[in-house]
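The next block holds one structure in the form of structure tokens; read it before the comments.
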Amino acid sequence: MASQPKVPDHVPAHCVGAFNLYKSPEMRPTPFGDPFAAVAKLLDGPAVFYAPETTRDGQGAWIVTTAEEQRNVLQDGASYSSYRRIFSSAIGEDWPVIPLELDPPEHGKYRSMLNPLLSPKRVAALEPFVTAKAVELIEGLKARGTSAEVMTEFAFPLAVSVFLAFLGIPDDRLMEFVGWANELLHMGPAERTAAAHKVLNFLEGMIAQRKEEPADDFMTFLVQAQVEGRPLTDQEIRSIAVLLFIGGLDTVATAIGLDLYFLARNPDRQQELRDNPAILPSAVEEMLRAFPSVTPIRTATRDMDLGGCPIKKGDLVSCPSMASSRDPAEFPDPNTIDFNREDNRHTAFSYGPHRCLGSHLARREIIIALNEWFARIPPFRIKEGTAPVTFGGFVFGVENLVIDWS
Amino acid sequence: MIIKVDREKCAGHARCWALAPDLFELDDEGYVLPGDITVPPGQEALAGRATRACPERALSIGED
């Protein structure tokens, strides 16, 4: 093991916790694991504690566990800045992805420009495409046999092709993009840097092309968009394009995979959905609550108290959605998965001004994916002799998910 | 019965609208319109559920 992790002087010893979002045993790749149960156990402890080396690049951070304290952080952009250089740091540059890494009020003008494109009403127009793609993929699986690795053969191809269609990117290089996302989000610094360059080169080529030949897609919208009465700069365009590219590649596929992982091991819950398909939207909300995948992180802009802990200006504050969504103060029996749960204001899409821009599209995609799956695939299970592997970290998820419906 | 809308807190989750599309109106960005909402008689229970669906706590029930 590594030497004793560093704890800053202002952090009292009693505020330091042992849990780590990357290194705790349950966060490592684990056959048939349940990283969500491990995070849920944090709710037995304090609302806020300090975790050394708990970010991807090994920094310490305050981890906020309860929904109420996470709201206090995520709704307060003045005290907690969102600027972290998550992408530009990988290539040794210093610029925010937009709008995620801008703070209010600067954030609002870009967010207002993008919101209409992904509003609940607008994403309804994308549903026929999502449905057709889901049907095509599932029928393809059925034609090939009675089992499949559903992450690479269903969840990723569906989520990524929908997003590429939205951006206006042809999907003939789909699995290459999935590889880039994997290198960016889940691998070491060298792979991350190489992948960041590949993503930027690709997007810059595409931006140049759309300036020459406009089309009916998001990239064309960006090159034609105005903010404060002027066109976006090239830097602003690439900062937005990068965020949407990354945001769409991983999380929707992850959610579909985690839902199928749960359902494959719980035939009675499959039956519940087959008996009553009308509860599917509510069941999807409940599985978003139980298995959310992301951890928003902020930087304190001043010294302050949070949950009895002394936060110092510059400290990182981490808000795992998988903790707050299992908070018993907000969700009775939080570890019971109840497809009819009421008042399910879970945190899978975060809180505050940075609420997931793609949340409405994500919801529709997951519902359509499961709806078409249940309409076409008989009762299913994990294929005997295989072991799905769960993992925690930057984006929680599951891989090697081989499902058998023979 | 009225629903009080704290428009500053709305972050566009649109869970209120998903539950009660006839009670809540969204703007082009998908955020709830500002201003209190008068609940028609018979829709109090639905209004209560939709109010409790807001992750941001931007909605609350009040009296006329």
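Naming works like this for the structure tokens: A, B, ... for the chains as they're shown, residue 1 at the start of each chain, ligands 1 onward in shown order.
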
Can you write out as a tab-separated table which residues of chain B fall within 12 Å of chain A, alongside each residue's closest atom pair and its distance in Å to one decimal, counting only C-alpha atoms and ordering rows by chain and ascending residue number?
```
residue	atom	partner	partner_atom	distance
B:Arg7	CA	A:Pro353	CA	11.9
B:Glu8	CA	A:Pro353	CA	9.7
B:Lys9	CA	A:Gly352	CA	7.4
B:Cys10	CA	A:Gly352	CA	7.9
B:Ala11	CA	A:Pro353	CA	5.5
B:Gly12	CA	A:Arg355	CA	7.5
B:His13	CA	A:Arg355	CA	7.3
B:Ala14	CA	A:Pro120	CA	7.5
B:Arg15	CA	A:Arg345	CA	8.5
B:Cys16	CA	A:Arg345	CA	10.6
B:Trp17	CA	A:Pro120	CA	9.4
B:Ala18	CA	A:Pro120	CA	8.9
B:Leu19	CA	A:Ser282	CA	10.7
B:Pro21	CA	A:Lys121	CA	11.4
B:Glu25	CA	A:Lys121	CA	11.5
B:Leu26	CA	A:Pro120	CA	9.2
B:Asp27	CA	A:Pro116	CA	8.8
B:Asp28	CA	A:Pro116	CA	5.6
B:Glu29	CA	A:Pro116	CA	4.3
B:Gly30	CA	A:Ser119	CA	4.9
B:Tyr31	CA	A:Ser119	CA	8.5
B:Val32	CA	A:Ser119	CA	11.5
B:Leu46	CA	A:Asp343	CA	11.8
B:Gly48	CA	A:Asp343	CA	9.9
B:Arg49	CA	A:Asp343	CA	6.9
B:Ala50	CA	A:Asp343	CA	8.4
B:Thr51	CA	A:Asp343	CA	9.0
B:Arg52	CA	A:Asp343	CA	5.7
B:Ala53	CA	A:Asp343	CA	5.2
B:Cys54	CA	A:Arg345	CA	6.2
B:Pro55	CA	A:Arg345	CA	4.8
B:Glu56	CA	A:Tyr351	CA	6.5
B:Arg57	CA	A:Arg345	CA	9.4
B:Ala58	CA	A:Gly352	CA	10.6
```

Test item: residues at most 9 Å from segment 150-157 of chain A, only C-alpha atoms, excluding those fewer than 6 positions along its chain, as a PDB file with C-alpha atoms, in the first residue's frame:
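Saved result, around29.pdb, follows:
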```pdb
ATOM      1  CA  LYS A 133     -32.166   2.058 -33.242  1.00  0.00           C
ATOM      2  CA  ALA A 134     -33.107   0.032 -30.132  1.00  0.00           C
ATOM      3  CA  LEU A 137     -29.927  -3.607 -32.201  1.00  0.00           C
ATOM      4  CA  ILE A 138     -32.117  -6.032 -30.245  1.00  0.00           C
ATOM      5  CA  LEU A 141     -28.826  -9.793 -31.105  1.00  0.00           C
ATOM      6  CA  LEU A 174     -19.022   4.563 -33.304  1.00  0.00           C
ATOM      7  CA  MET A 175     -16.918   1.975 -31.467  1.00  0.00           C
ATOM      8  CA  VAL A 178     -16.569   4.537 -27.366  1.00  0.00           C
ATOM      9  CA  LEU A 249     -20.782   8.799 -24.584  1.00  0.00           C
ATOM     10  CA  ASP A 250     -20.707   7.003 -21.280  1.00  0.00           C
ATOM     11  CA  VAL A 252     -26.622   6.631 -20.640  1.00  0.00           C
ATOM     12  CA  ALA A 253     -25.041   3.330 -21.667  1.00  0.00           C
ATOM     13  CA  THR A 254     -23.924   2.856 -18.079  1.00  0.00           C
ATOM     14  CA  ALA A 255     -27.448   3.380 -16.762  1.00  0.00           C
ATOM     15  CA  ILE A 256     -28.936   0.888 -19.224  1.00  0.00           C
ATOM     16  CA  GLY A 257     -26.241  -1.628 -18.282  1.00  0.00           C
ATOM     17  CA  LEU A 260     -30.048  -4.878 -16.973  1.00  0.00           C
ATOM     18  CA  ALA A 369     -34.250   0.793 -24.349  1.00  0.00           C
ATOM     19  CA  VAL A 398     -20.528  -2.582 -15.081  1.00  0.00           C
ATOM     20  CA  GLU A 399     -18.689  -4.456 -17.825  1.00  0.00           C
ATOM     21  CA  ASN A 400     -18.563  -7.980 -19.229  1.00  0.00           C
ATOM     22  CA  LEU A 401     -22.332  -8.157 -18.840  1.00  0.00           C
ATOM     23  CA  VAL A 402     -23.202 -11.317 -20.765  1.00  0.00           C
ATOM     24  CA  ILE A 403     -26.953 -11.869 -20.728  1.00  0.00           C
TER      25      ILE A 403
END
```

Shell of 8 Å around Ser406 of chain A, only C-alpha atoms, local chain residues under 4 positions omitted, as a PyMOL selection string: chain A and resi 146-147+380

Written file, previous selection with C-alpha atoms, as a short mmCIF file (atom, residue, chain, number, x, y, z; two decimals), in the first residue's frame:
```cif
data_model
loop_
_atom_site.label_atom_id
_atom_site.label_comp_id
_atom_site.auth_asym_id
_atom_site.auth_seq_id
_atom_site.Cartn_x
_atom_site.Cartn_y
_atom_site.Cartn_z
CA THR A 146 -29.55 -16.36 -27.36
CA SER A 147 -26.92 -14.48 -25.42
CA PHE A 380 -33.15 -13.37 -19.03
#
```

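Those residues that approach Gly62 of chain B to within 8 Å, counting only C-alpha atoms, are Met1, Ile2, Ile3 and Lys4 of chain B; same-chain residues fewer than 3 positions away are not listed.
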
Suppose we keep N, CA and C atoms; can you now write the selection as a PDB file, in the first residue's frame?
```
ATOM      1  N   MET B   1     -56.393  26.470  -3.075  1.00  0.00           N
ATOM      2  CA  MET B   1     -55.000  26.044  -2.957  1.00  0.00           C
ATOM      3  C   MET B   1     -54.170  26.642  -4.093  1.00  0.00           C
ATOM      4  N   ILE B   2     -52.951  27.085  -3.766  1.00  0.00           N
ATOM      5  CA  ILE B   2     -52.034  27.538  -4.820  1.00  0.00           C
ATOM      6  C   ILE B   2     -50.697  26.811  -4.680  1.00  0.00           C
ATOM      7  N   ILE B   3     -49.950  26.769  -5.787  1.00  0.00           N
ATOM      8  CA  ILE B   3     -48.571  26.277  -5.753  1.00  0.00           C
ATOM      9  C   ILE B   3     -47.675  27.498  -5.878  1.00  0.00           C
ATOM     10  N   LYS B   4     -46.806  27.680  -4.877  1.00  0.00           N
ATOM     11  CA  LYS B   4     -45.852  28.785  -4.930  1.00  0.00           C
ATOM     12  C   LYS B   4     -44.600  28.327  -5.672  1.00  0.00           C
TER      13      LYS B   4
END
```

Running DSSP on the backbone, which parts of segment 8-55 of chain B land in helix (DSSP H, G or I), as a ChimeraX atom specification? /B:15-19,44-52

Any chance you could export the current selection's C-alpha atoms as a PDB file, in the first residue's frame?
```
ATOM      1  CA  ARG B  15     -40.533  16.511 -12.789  1.00  0.00           C
ATOM      2  CA  CYS B  16     -43.577  18.632 -11.871  1.00  0.00           C
ATOM      3  CA  TRP B  17     -44.564  18.856 -15.521  1.00  0.00           C
ATOM      4  CA  ALA B  18     -43.959  15.121 -16.058  1.00  0.00           C
ATOM      5  CA  LEU B  19     -46.494  14.336 -13.307  1.00  0.00           C
ATOM      6  CA  GLU B  44     -55.170  19.067  -4.869  1.00  0.00           C
ATOM      7  CA  ALA B  45     -53.688  15.578  -4.453  1.00  0.00           C
ATOM      8  CA  LEU B  46     -51.982  15.721  -7.858  1.00  0.00           C
ATOM      9  CA  ALA B  47     -50.671  19.207  -7.075  1.00  0.00           C
ATOM     10  CA  GLY B  48     -49.233  17.898  -3.819  1.00  0.00           C
ATOM     11  CA  ARG B  49     -47.462  14.996  -5.517  1.00  0.00           C
ATOM     12  CA  ALA B  50     -46.061  17.215  -8.279  1.00  0.00           C
ATOM     13  CA  THR B  51     -44.843  19.720  -5.691  1.00  0.00           C
ATOM     14  CA  ARG B  52     -43.057  16.969  -3.766  1.00  0.00           C
TER      15      ARG B  52
END
```

Can you measure atom CA of Asn335 of chain A to atom CA of Pro292 of chain A for me? One decimal in Å is fine.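 Computing the Euclidean distance for atom CA of Asn335 of chain A and atom CA of Pro292 of chain A yields 13.2 Å.
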
Neighbouring residues of Lys41 of chain A were defined as those with any atom within 10 Å, considering only C-alpha atoms; residues of the same chain fewer than 2 positions away were excluded. Please report them as a PyMOL selection string. chain A and resi 36-39+43-45+65+323+326-327+335

Kindly export the residues of the current selection with all heavy atoms, as a short mmCIF file (atom, residue, chain, number, x, y, z; two decimals), in the first residue's frame.
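out_24.cif written:
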```
data_model
loop_
_atom_site.label_atom_id
_atom_site.label_comp_id
_atom_site.auth_asym_id
_atom_site.auth_seq_id
_atom_site.Cartn_x
_atom_site.Cartn_y
_atom_site.Cartn_z
N PHE A 36 -22.69 0.29 -5.08
CA PHE A 36 -23.70 1.21 -4.55
C PHE A 36 -24.01 0.92 -3.08
O PHE A 36 -24.21 1.83 -2.29
CB PHE A 36 -24.97 1.15 -5.41
CG PHE A 36 -24.70 1.51 -6.83
CD1 PHE A 36 -24.44 0.53 -7.78
CD2 PHE A 36 -24.63 2.84 -7.22
CE1 PHE A 36 -24.15 0.87 -9.09
CE2 PHE A 36 -24.34 3.19 -8.53
CZ PHE A 36 -24.10 2.20 -9.47
N ALA A 37 -24.05 -0.37 -2.74
CA ALA A 37 -24.29 -0.74 -1.34
C ALA A 37 -23.15 -0.22 -0.46
O ALA A 37 -23.38 0.23 0.67
CB ALA A 37 -24.42 -2.26 -1.21
N ALA A 38 -21.94 -0.27 -0.99
CA ALA A 38 -20.79 0.20 -0.21
C ALA A 38 -20.90 1.70 0.06
O ALA A 38 -20.64 2.17 1.17
CB ALA A 38 -19.49 -0.13 -0.94
N VAL A 39 -21.29 2.47 -0.96
CA VAL A 39 -21.43 3.92 -0.76
C VAL A 39 -22.61 4.21 0.16
O VAL A 39 -22.55 5.12 1.00
CB VAL A 39 -21.60 4.65 -2.11
CG1 VAL A 39 -21.77 6.15 -1.89
CG2 VAL A 39 -20.40 4.40 -3.01
N LEU A 43 -23.98 6.60 4.72
CA LEU A 43 -25.07 7.35 5.37
C LEU A 43 -25.20 6.99 6.84
O LEU A 43 -25.88 7.68 7.59
CB LEU A 43 -26.39 7.14 4.63
CG LEU A 43 -26.69 8.03 3.41
CD1 LEU A 43 -26.65 9.50 3.78
CD2 LEU A 43 -25.76 7.78 2.25
N ASP A 44 -24.55 5.89 7.27
CA ASP A 44 -24.51 5.57 8.70
C ASP A 44 -23.54 6.50 9.44
O ASP A 44 -23.55 6.57 10.66
CB ASP A 44 -24.04 4.12 8.93
CG ASP A 44 -25.01 3.12 8.33
OD1 ASP A 44 -26.20 3.49 8.15
OD2 ASP A 44 -24.59 1.98 8.04
N GLY A 45 -22.69 7.21 8.69
CA GLY A 45 -21.67 8.05 9.29
C GLY A 45 -22.01 9.52 9.17
O GLY A 45 -23.18 9.89 8.99
N THR A 65 -22.29 13.37 2.07
CA THR A 65 -23.10 12.16 1.89
C THR A 65 -24.60 12.43 1.83
O THR A 65 -25.32 11.77 1.10
CB THR A 65 -22.84 11.14 3.02
OG1 THR A 65 -23.22 11.72 4.27
CG2 THR A 65 -21.37 10.75 3.06
N ALA A 323 -24.47 8.38 -2.97
CA ALA A 323 -24.67 8.53 -1.52
C ALA A 323 -26.00 9.24 -1.24
O ALA A 323 -26.87 8.71 -0.55
CB ALA A 323 -23.51 9.32 -0.91
N ARG A 326 -29.27 7.48 -1.55
CA ARG A 326 -29.59 6.44 -0.57
C ARG A 326 -29.74 7.04 0.83
O ARG A 326 -29.56 6.36 1.83
CB ARG A 326 -28.47 5.38 -0.55
CG ARG A 326 -28.23 4.69 -1.89
CD ARG A 326 -29.22 3.59 -2.15
NE ARG A 326 -28.86 2.82 -3.35
CZ ARG A 326 -28.58 1.52 -3.36
NH1 ARG A 326 -28.59 0.83 -2.24
NH2 ARG A 326 -28.29 0.91 -4.49
N ASP A 327 -30.07 8.34 0.87
CA ASP A 327 -30.19 9.03 2.16
C ASP A 327 -31.54 8.69 2.80
O ASP A 327 -32.58 9.04 2.25
CB ASP A 327 -30.08 10.55 1.91
CG ASP A 327 -30.14 11.36 3.19
OD1 ASP A 327 -30.47 10.79 4.25
OD2 ASP A 327 -29.88 12.57 3.13
N ASN A 335 -32.46 1.37 0.66
CA ASN A 335 -31.80 0.26 -0.03
C ASN A 335 -32.79 -0.75 -0.61
O ASN A 335 -32.39 -1.77 -1.18
CB ASN A 335 -30.79 -0.41 0.89
CG ASN A 335 -29.70 0.58 1.30
OD1 ASN A 335 -29.24 1.36 0.47
ND2 ASN A 335 -29.35 0.60 2.57
#
```

Would you pick out the contacts of Trp62 of chain A at 9 Å or less, using only C-alpha atoms, so that residues sharing its chain but fewer than 6 positions from it are not included, and give the list as a list in words? Val16, Val48, Phe49, Tyr50, Ala51, Pro52, Thr54, Cys309, Ile311, Asp315, Leu316, Val317, Ser318 and Cys319 of chain A

Store the residues picked out above in a file with N, CA, C and O atoms, as a PDB file, in the first residue's frame.
```pdb
ATOM      1  N   VAL A  16     -11.557  13.003   9.410  1.00  0.00           N
ATOM      2  CA  VAL A  16     -10.983  12.202   8.329  1.00  0.00           C
ATOM      3  C   VAL A  16     -11.651  10.836   8.288  1.00  0.00           C
ATOM      4  O   VAL A  16     -11.784  10.162   9.311  1.00  0.00           O
ATOM      5  N   VAL A  48     -20.586  14.917   6.364  1.00  0.00           N
ATOM      6  CA  VAL A  48     -19.417  15.411   5.639  1.00  0.00           C
ATOM      7  C   VAL A  48     -18.165  14.832   6.304  1.00  0.00           C
ATOM      8  O   VAL A  48     -18.064  14.831   7.527  1.00  0.00           O
ATOM      9  N   PHE A  49     -17.238  14.323   5.515  1.00  0.00           N
ATOM     10  CA  PHE A  49     -15.953  13.892   6.071  1.00  0.00           C
ATOM     11  C   PHE A  49     -14.858  14.108   5.048  1.00  0.00           C
ATOM     12  O   PHE A  49     -15.145  14.329   3.864  1.00  0.00           O
ATOM     13  N   TYR A  50     -13.614  14.066   5.487  1.00  0.00           N
ATOM     14  CA  TYR A  50     -12.496  14.297   4.570  1.00  0.00           C
ATOM     15  C   TYR A  50     -11.907  12.968   4.124  1.00  0.00           C
ATOM     16  O   TYR A  50     -11.607  12.099   4.941  1.00  0.00           O
ATOM     17  N   ALA A  51     -11.750  12.807   2.816  1.00  0.00           N
ATOM     18  CA  ALA A  51     -11.180  11.576   2.269  1.00  0.00           C
ATOM     19  C   ALA A  51      -9.883  11.917   1.540  1.00  0.00           C
ATOM     20  O   ALA A  51      -9.910  12.623   0.533  1.00  0.00           O
ATOM     21  N   PRO A  52      -8.746  11.446   2.032  1.00  0.00           N
ATOM     22  CA  PRO A  52      -7.489  11.692   1.325  1.00  0.00           C
ATOM     23  C   PRO A  52      -7.482  10.936  -0.010  1.00  0.00           C
ATOM     24  O   PRO A  52      -8.014   9.832  -0.095  1.00  0.00           O
ATOM     25  N   THR A  54      -9.027  10.978  -2.898  1.00  0.00           N
ATOM     26  CA  THR A  54     -10.271  10.381  -3.391  1.00  0.00           C
ATOM     27  C   THR A  54     -10.701  10.871  -4.755  1.00  0.00           C
ATOM     28  O   THR A  54     -11.773  10.521  -5.236  1.00  0.00           O
ATOM     29  N   CYS A 309     -17.945  20.735   9.534  1.00  0.00           N
ATOM     30  CA  CYS A 309     -16.542  20.591   9.130  1.00  0.00           C
ATOM     31  C   CYS A 309     -15.988  21.914   8.613  1.00  0.00           C
ATOM     32  O   CYS A 309     -16.691  22.658   7.938  1.00  0.00           O
ATOM     33  N   ILE A 311     -14.391  23.905   6.094  1.00  0.00           N
ATOM     34  CA  ILE A 311     -13.975  23.903   4.685  1.00  0.00           C
ATOM     35  C   ILE A 311     -13.119  25.149   4.457  1.00  0.00           C
ATOM     36  O   ILE A 311     -13.487  26.240   4.886  1.00  0.00           O
ATOM     37  N   ASP A 315     -10.447  24.061  -1.112  1.00  0.00           N
ATOM     38  CA  ASP A 315     -10.714  22.634  -0.875  1.00  0.00           C
ATOM     39  C   ASP A 315     -11.664  22.079  -1.936  1.00  0.00           C
ATOM     40  O   ASP A 315     -12.576  22.775  -2.388  1.00  0.00           O
ATOM     41  N   LEU A 316     -11.462  20.820  -2.289  1.00  0.00           N
ATOM     42  CA  LEU A 316     -12.408  20.141  -3.165  1.00  0.00           C
ATOM     43  C   LEU A 316     -13.543  19.556  -2.333  1.00  0.00           C
ATOM     44  O   LEU A 316     -13.321  19.058  -1.227  1.00  0.00           O
ATOM     45  N   VAL A 317     -14.758  19.646  -2.869  1.00  0.00           N
ATOM     46  CA  VAL A 317     -15.944  19.114  -2.185  1.00  0.00           C
ATOM     47  C   VAL A 317     -16.659  18.187  -3.160  1.00  0.00           C
ATOM     48  O   VAL A 317     -17.069  18.600  -4.241  1.00  0.00           O
ATOM     49  N   SER A 318     -16.759  16.918  -2.775  1.00  0.00           N
ATOM     50  CA  SER A 318     -17.228  15.866  -3.667  1.00  0.00           C
ATOM     51  C   SER A 318     -18.629  15.422  -3.253  1.00  0.00           C
ATOM     52  O   SER A 318     -18.883  15.185  -2.074  1.00  0.00           O
ATOM     53  N   CYS A 319     -19.549  15.328  -4.207  1.00  0.00           N
ATOM     54  CA  CYS A 319     -20.950  15.022  -3.901  1.00  0.00           C
ATOM     55  C   CYS A 319     -21.418  13.772  -4.650  1.00  0.00           C
ATOM     56  O   CYS A 319     -22.132  13.874  -5.663  1.00  0.00           O
TER      57      CYS A 319
END
```

Extract, using only C-alpha atoms, all DNA, RNA and protein residues at most 7 Å from Pro31 of chain A, discarding same-chain residues fewer than 4 positions from it, and format them as a PyMOL selection string. chain A and resi 387-390

Those residues with N, CA, C and O atoms, as an mmCIF file, in the first residue's frame please?
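Below you can see selection-v5.cif, which holds the result:
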```
data_model
loop_
_atom_site.group_PDB
_atom_site.id
_atom_site.type_symbol
_atom_site.label_atom_id
_atom_site.label_comp_id
_atom_site.auth_asym_id
_atom_site.auth_seq_id
_atom_site.Cartn_x
_atom_site.Cartn_y
_atom_site.Cartn_z
ATOM 1 N N ALA A 387 -19.022 -13.710 -15.461
ATOM 2 C CA ALA A 387 -19.158 -12.858 -14.273
ATOM 3 C C ALA A 387 -19.082 -11.389 -14.673
ATOM 4 O O ALA A 387 -18.017 -10.912 -15.074
ATOM 5 N N PRO A 388 -20.207 -10.657 -14.572
ATOM 6 C CA PRO A 388 -20.141 -9.212 -14.797
ATOM 7 C C PRO A 388 -19.233 -8.567 -13.752
ATOM 8 O O PRO A 388 -19.184 -9.031 -12.602
ATOM 9 N N VAL A 389 -18.541 -7.501 -14.149
ATOM 10 C CA VAL A 389 -17.599 -6.829 -13.247
ATOM 11 C C VAL A 389 -18.082 -5.394 -13.009
ATOM 12 O O VAL A 389 -18.253 -4.638 -13.963
ATOM 13 N N THR A 390 -18.318 -5.055 -11.742
ATOM 14 C CA THR A 390 -18.726 -3.686 -11.409
ATOM 15 C C THR A 390 -17.507 -2.878 -10.988
ATOM 16 O O THR A 390 -16.498 -3.430 -10.576
#
```

Expressed in Å, the length from atom CA of Val223 of chain A to atom CA of Pro296 of chain A is 28.6 Å

Which of these residues is nearest to Tyr80 of chain A, using only C-alpha atoms: A:Thr299, A:Thr193, A:Thr233, A:Asn340? A:Thr299

Hey, can you check how far atom CA of Leu280 of chain A sits from atom CA of Ala125 of chain A?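 Here the two named atoms are 20.3 Å from each other.
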